[in-house]
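Quick notes on the structure that follows.
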Amino acid sequence: MTAVNPSTTEDPGPSVASLDTIVSLSKRRGFIFPSSEIYGGINAVWDYGPLGVELKNNVKRAWWRAMVQEREDIVGLDASIIMAPQVWVTSGHVANFTDPLVECATCRRRFRLDELPGAENLTNTEMQDPTVVDRLGLKCPVDAGPLSAPRRFNLMFKTYMGPVEEEAAQVYLRPETAQGIYVNFRNVRETSRKKLPFGIAQIGKAFRNEISPGNFVFRMREFEQMEMQYFVKPDEAARFFNEWKPRRKAWYERYGVNPARLRFRQHRPDELAHYAKEAWDVEYRFPFGWKELEGIHNRGDWDLGRHQKESGENLEYFDPATNESYVPWIVETSAGGDRAAFTFLIDAYREEEVRGEKRVVLAFNPDLAPYKVAVLPLLKKRDEIVEKCHALRDDLAKDMLAVYDDTAAIGKLYRRQDEIGTPWCVTIDVESLEDGKATVRDRDSMEQIRVDLSQVKPLIMERLAKARG
Ligand code: ATP
């Protein structure tokens, strides 16, 4: 989509020229694998390996810290993936959660209309025009075959609940986590005794049968969302929207994303979802262009108003300050767990030349790094050294993910840890047996300092706390 209101006009370029570099590093080092690979994989579904699961968990924890732990006015929730089907009728998803699909008459491939070259800037109305394909002379991008007129394709996955596969038993896999929050609004408000404004935050899986998934984990069919719905007095929605917008961009910066590669983009009036009064995306400069990282939406009273009407339950809020009852308005911040982890991974990628050799570094904020520290023996043949390394790792591991490695020479071990983003390496050598000291090496500066073995853990804990901010 064309930016109507991008806050940045210069292109800083991506942190890495080719997405393949990240895909291959992810596979080689155990961040992300294709799902069911031994059976040839399954399109647009990915699995997180030993390092990927740590990175994504750290991203989710960092989000939870900023959105729940550090806030007095936001509480958490973990709602179910399968909900009463009526929820999706009320929310408008059954009728409107569609993308415009066109099909090639020759190869039968299907495409999302607005992702075809020449159709990127179509308005919603134009995308529903049956003559649009002919008018723009669009052809199949694979074999130049003729394309069908667009039809609306619903992105929700369907399945059956219970032992009978009939329409009455049909349920949906949630396409967003937000609805679980709306239908629990009253339960949460009453049990947490919150007064407006307050928010409910949730992290969980969502499923969308995307027509054109791709760009690695950018657009998947199964993914995680990190959403927060902030319930406010109607006439205060605009003010809170304006507070949440910069706060959410700042969160990515706090965890190390280069601010030059972040910008805002406002949705055009014809692009706004049916529920939205105002919507802005935080965009990131991916190797494949500026794309949405997170959406911030003023949803008005659409959600609670609709659920109140269709369920017949009272979802109004009684405001003790003014003695009025009203349906709260909602300001939503909607981020992707996978997309955020992917962004932190790409943005951390560096290639440097050190003494004539290429050094690849993932310069993660230490709080996001999968391993916080690697403990390495300089001589693995010396039992006392190896024992001290294991004892140190075990002690560190009580508070953080720490790894022992002796499978290569020290130079190679350092490079391996740099490439997976481990912020600190601790080396124990022959001298350590004499002076009780170890060498602590910093990933980014490669600076090495000698510290007393007993001081290694406090030093790393202190640096970690600083990185967390
Ligand atoms: P698009 O217009 O690109 O399809 P959207 O505007 O429908 O996306 P939202 O419904 O606002 O996306 O979803 C909120 C967030 O969830 C997105 O900003 C993104 O981070 C994440 N997300 C949405 N769809 C996917 C997907 N298919 N794969 C991975 N993450 C996704």
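Chain labels run A, B, ... following the order of the structure tokens; each chain numbers its residues from 1, and ligands are numbered from 1 in the order shown.
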Could you produce a table of the residues of chain A lying within 7 Å of ligand 1, with the nearest pair of atoms per residue and their separation in Å rounded to one decimal, using only C-alpha atoms and all ligand atoms, ordered by chain and increasing residue number, as a Markdown table?
```
| residue | atom | partner | partner_atom_place_in_ligand_line | distance |
| --- | --- | --- | --- | --- |
| A:Glu176 | CA | ligand 1 | 10 (O) | 6.9 |
| A:Arg208 | CA | ligand 1 | 27 (N) | 6.0 |
| A:Glu210 | CA | ligand 1 | 27 (N) | 6.2 |
| A:Pro213 | CA | ligand 1 | 27 (N) | 6.7 |
| A:Val217 | CA | ligand 1 | 29 (C) | 6.4 |
| A:Phe218 | CA | ligand 1 | 29 (C) | 5.2 |
| A:Arg219 | CA | ligand 1 | 28 (N) | 3.5 |
| A:Met220 | CA | ligand 1 | 28 (N) | 3.9 |
| A:Arg221 | CA | ligand 1 | 27 (N) | 5.3 |
| A:Glu222 | CA | ligand 1 | 28 (N) | 6.8 |
| A:Phe223 | CA | ligand 1 | 29 (C) | 5.2 |
| A:Glu224 | CA | ligand 1 | 30 (N) | 6.7 |
| A:Gln225 | CA | ligand 1 | 16 (O) | 5.4 |
| A:Glu292 | CA | ligand 1 | 18 (O) | 5.4 |
| A:Leu293 | CA | ligand 1 | 18 (O) | 4.6 |
| A:Glu294 | CA | ligand 1 | 18 (O) | 3.6 |
| A:Gly295 | CA | ligand 1 | 11 (O) | 5.0 |
| A:Ser334 | CA | ligand 1 | 14 (C) | 4.6 |
| A:Ala335 | CA | ligand 1 | 15 (C) | 4.3 |
| A:Gly336 | CA | ligand 1 | 20 (O) | 3.3 |
| A:Gly337 | CA | ligand 1 | 20 (O) | 6.9 |
| A:Asp338 | CA | ligand 1 | 29 (C) | 6.1 |
| A:Arg339 | CA | ligand 1 | 20 (O) | 5.1 |
| A:Ala340 | CA | ligand 1 | 20 (O) | 6.8 |
```
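Residue nearest A:Pro14, chosen from A:Asp73, A:Asp347, A:Asp406, A:Glu126 and counting only C-alpha atoms: A:Asp347.
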For atom CA of A:Ala273 and atom CA of A:Gln128, the interatomic separation in Å (one decimal): 15.0 Å
Stretch 297-406 of chain A: residues DSSP assigns to strand (DSSP E), reported as number ranges by chain: A: 297-300, 317-319, 324-326, 329-336, 349-354, 357-362, 373-377, 402-404
Preceding selection exported with C-alpha atoms as a compact mmCIF listing (two decimals), in the first residue's frame:
```
# COMPACT_ATOMS: atom_id res chain seq x y z
CA HIS A 297 -6.47 1.55 16.25
CA ASN A 298 -9.21 3.69 17.70
CA ARG A 299 -12.10 1.21 17.51
CA GLY A 300 -14.76 3.44 19.02
CA TYR A 317 -19.58 0.91 32.40
CA PHE A 318 -21.01 2.90 35.27
CA ASP A 319 -18.77 5.87 35.82
CA GLU A 324 -23.24 8.06 33.83
CA SER A 325 -23.35 4.68 32.13
CA TYR A 326 -21.82 4.23 28.71
CA TRP A 329 -14.44 3.08 23.55
CA ILE A 330 -11.38 1.02 22.76
CA VAL A 331 -7.85 1.95 21.77
CA GLU A 332 -6.09 -1.16 20.52
CA THR A 333 -2.41 -1.91 20.06
CA SER A 334 -2.01 -5.02 17.94
CA ALA A 335 1.45 -6.50 17.40
CA GLY A 336 2.69 -9.81 16.06
CA TYR A 349 22.27 -8.54 11.92
CA ARG A 350 25.75 -7.10 11.32
CA GLU A 351 28.63 -8.12 9.10
CA GLU A 352 32.01 -6.70 10.04
CA GLU A 353 35.59 -7.20 9.03
CA VAL A 354 37.92 -8.08 11.88
CA GLU A 357 38.03 -11.93 8.37
CA LYS A 358 34.27 -11.58 8.17
CA ARG A 359 32.54 -11.49 11.54
CA VAL A 360 28.77 -12.01 11.67
CA VAL A 361 27.11 -10.64 14.79
CA LEU A 362 23.55 -10.56 16.01
CA VAL A 373 26.35 -16.00 28.48
CA ALA A 374 28.62 -18.76 27.17
CA VAL A 375 31.22 -20.33 29.43
CA LEU A 376 34.24 -21.58 27.51
CA PRO A 377 37.33 -23.48 28.68
CA ALA A 402 23.90 -20.00 30.09
CA VAL A 403 25.68 -22.46 27.84
CA TYR A 404 28.95 -24.42 28.08
```
Coordinates-based distance that separates atom CA of A:Ala201 from atom CA of A:Gln229 (Å, one decimal):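 Atom CA of A:Ala201 lies 6.5 Å from atom CA of A:Gln229.
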Residues near A:Glu387, cut-off 12 Å, only C-alpha atoms, skip fewer than 3 positions along chain, as a list in words: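 Selected residues are Val375, Leu376, Pro377, Leu379, Lys380, Lys381, Arg382, Asp383, Glu384, His390, Ala391, Leu392, Arg393, Asp394, Tyr404, Ile428, Asp429 and Leu433 of chain A.
Counting only C-alpha atoms and comparing A:Gly411, A:Pro34, A:Pro100, A:Gly76, the residue that lies closest to A:Ile200 is A:Gly76.
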Which neighbours of A:Gly118 fall inside 12 Å, counting only C-alpha atoms, when residues of the same chain fewer than 4 positions from it are skipped, and could you give them as a PDB file with C-alpha atoms, in the first residue's frame?
```
ATOM      1  CA  MET A   1       0.000   0.000   0.000  1.00  0.00           C
ATOM      2  CA  THR A   2       1.206   3.526  -0.682  1.00  0.00           C
ATOM      3  CA  LEU A 113      -5.388  -8.852  -5.839  1.00  0.00           C
ATOM      4  CA  ASP A 114      -3.653  -6.002  -4.026  1.00  0.00           C
ATOM      5  CA  LEU A 122      -6.324   0.009  -5.253  1.00  0.00           C
ATOM      6  CA  VAL A 132     -10.847  -4.205 -12.303  1.00  0.00           C
ATOM      7  CA  VAL A 133      -8.657  -7.024 -13.675  1.00  0.00           C
ATOM      8  CA  ARG A 135      -9.388  -2.496 -16.748  1.00  0.00           C
ATOM      9  CA  LEU A 136      -5.830  -2.655 -15.399  1.00  0.00           C
ATOM     10  CA  GLY A 137      -4.804  -5.416 -17.836  1.00  0.00           C
ATOM     11  CA  LEU A 138      -3.625  -7.633 -14.943  1.00  0.00           C
ATOM     12  CA  LYS A 139      -2.144 -11.032 -15.806  1.00  0.00           C
ATOM     13  CA  CYS A 140      -0.900 -14.006 -13.784  1.00  0.00           C
ATOM     14  CA  PRO A 141       2.589 -13.046 -12.520  1.00  0.00           C
TER      15      PRO A 141
END
```
Pick from A:Phe216, A:Phe264, A:Tyr172, A:Phe288 nearest to A:Ile22, counting only C-alpha atoms: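 The closest residue to A:Ile22 is A:Phe216.
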